[in-house]
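One structure below.
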Amino acid sequence: MDNPRPPGRKFDGSFTQQEAIPEDAINAAVAVLQSGRLHRYNVAAGESGEVATLESEYRDWQECQFCLALTSGGQALQIALRASGVQRGDVVLTNGFTLAPVPGAIEAVGGRAVLVEIDETLRIDLGDLQRKIASSGARFLMLSHMRGHLCDMQKLMEICDGADVTVIEDCAHTMGAKWAGVRSGNWGKAACFSTQTYKHMNSGEGGLLTTNDPLIAARATILSGSYMLYERHGAGPSPEAFADARYEMPNCSARMDNLRAAILRPQLTRLNENLRRWNERYGIVEGRLKAESRIVTIPLPPAESHVGSSIQFRVPGWNPETCRAFLSAAADRGVEIKWFGAKEPTGFTSNHQSWRYLTQQNLPATDRILETLFDMRLPLSFSSEDCSLIADLICEAVGEVEN
């Protein structure tokens, strides 16, 4: 681990290169383009359309009652908040460790984000959650399953149900994950998924909202911009659910189009196999990092069925200078690692101290954990051999800055 790096020992792949869109998805996209009917409601007589069909197929895969396809995961978050009843000025709790679109969605709908500490496992701190519910009077929690780590969902729901707190799940990183056999997204009132390029299905941008509540589904559908054509949805509630929503909810024009849905439907048929492939790659990297005594990996509880499309690890005790030296040493070896302890937002990585649209909040435990938290994508374009090499190079970089 601490020996000098052999000449040429370097990873030359890309951490942002995804697998190609499957051939049948390309053919489906071409068929939509040839039809000219890209808008979700522009369908021929007797035709359900790609978006409506995706909604019904994802509903069945997710094992929920209703599904709505949207332009992005961020729009799904905003629409879920509004459809669940968040009003201007309402406090909405969320994890202190998440990505900017989550607090951004709360602010965008006029809510007031109050951040909850995380624990050493990167999951929301349930003790602090109870304290923040009591001190803030919040009646909403947007729970971010950040980087794929599910907290004890049974305990969390006991806390929130007991305090009459509505839970909305941000499942951008946990499509297909489970806690105690229940899919992420099926615990709270509503759930939001992303089909942005770096998520578990790739349509460039896109989102899905699921729920078992017909009124939330109806409100969300009108908010998405249904033009009262809600009967053309593939996984929506009965017309009775729209009795009030059709008059009360504004049109936010956030509909998914048939082109993106056509690309996604074939990917959904491969999703279970791809989840297995991600976990295989995660296991290779995690096993090697665990063998490096200075690295602390994130525990995966027995009740959690994880989806390892990225991996996180910490090196407790490092200062910012050492962290930056490690990033440089890893980059010299071709390994692209993100660091959540940086003071300035970089790319897809930021922390609560740079979200100036929020009231600044004191999160000492979260800050201490993020100071030495590193993050790395594991795209399916990586081979098993790539994963082994990358893990070895990470350990070498750790050894270099420690010596």
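Ordering of the structure tokens sets the chain letters (A, B, ...); residue numbers start at 1 within each chain; ligands are numbered from 1 in the order shown.
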Identify, with DSSP run on backbone atoms, the residues in segment 211-401 of chain A assigned to strand (DSSP E or B), and express the list as a PDB file with C-alpha atoms, in the first residue's frame.
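Contents of selection-v1.pdb, as written:
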```pdb
ATOM      1  CA  THR A 211     -47.594   7.738  -4.396  1.00  0.00           C
ATOM      2  CA  ARG A 255     -44.475  16.994 -18.370  1.00  0.00           C
ATOM      3  CA  VAL A 296     -13.482   4.072   6.913  1.00  0.00           C
ATOM      4  CA  THR A 297     -16.217   2.770   4.618  1.00  0.00           C
ATOM      5  CA  GLU A 304     -30.917  -2.580   3.677  1.00  0.00           C
ATOM      6  CA  SER A 305     -30.796  -3.807   0.079  1.00  0.00           C
ATOM      7  CA  SER A 310     -21.447   5.310  -6.074  1.00  0.00           C
ATOM      8  CA  ILE A 311     -19.238   4.732  -3.063  1.00  0.00           C
ATOM      9  CA  GLN A 312     -18.338   6.950  -0.111  1.00  0.00           C
ATOM     10  CA  PHE A 313     -15.526   6.672   2.412  1.00  0.00           C
ATOM     11  CA  ARG A 314     -13.858   8.771   5.087  1.00  0.00           C
ATOM     12  CA  LYS A 338     -15.290  14.291  -4.977  1.00  0.00           C
ATOM     13  CA  TRP A 339     -14.846  15.823  -1.516  1.00  0.00           C
ATOM     14  CA  THR A 346     -17.624  22.186  -7.235  1.00  0.00           C
ATOM     15  CA  THR A 349     -20.783  18.583  -4.965  1.00  0.00           C
ATOM     16  CA  LEU A 373     -15.951  12.535   3.335  1.00  0.00           C
ATOM     17  CA  PHE A 374     -15.029  11.396  -0.175  1.00  0.00           C
ATOM     18  CA  ASP A 375     -17.347  10.237  -2.925  1.00  0.00           C
ATOM     19  CA  MET A 376     -16.846   8.400  -6.213  1.00  0.00           C
ATOM     20  CA  ARG A 377     -19.142   7.334  -9.037  1.00  0.00           C
TER      21      ARG A 377
END
```
Point to revise | Shell around Lys189 of chain A at 12 Å using only C-alpha atoms, local window under 3 positions removed, as number ranges by chain | key: A: 64-66, 80-81, 83-85, 140-143, 157, 160-161, 164-170, 184-186, 192, 209-217
**Study point:** Exercise: segment 95-106 of chain A partners within 9 Å, only C-alpha atoms, chain neighbours under 6 positions left out, as a ChimeraX atom specification
**Key:** /A:73-75,77-79,81,86,112-118,122-125,141-147,170,348-352,355,357-358,363,366-367,370
Practice item. Run DSSP on the backbone and grab whatever in segment 214-287 of chain A lands in helix (DSSP H, G or I); send it over as a ChimeraX atom specification. Key: /A:214-224,230-232,239-242,245-248,258-287
Review point. Quick one: of A:Arg333, A:Lys178, A:Arg9, A:Arg260, who's nearest to Pro301 of chain A, counting only C-alpha atoms?
Key: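 For Pro301 of chain A, the nearest of the candidates is A:Lys178.
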Review point. Using only C-alpha atoms, which of the listed residues (A:Arg270, A:Arg276, A:Arg183, A:Arg219) sits closest to Gly308 of chain A?
Key: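 The answer is A:Arg276, which sits nearest to Gly308 of chain A.
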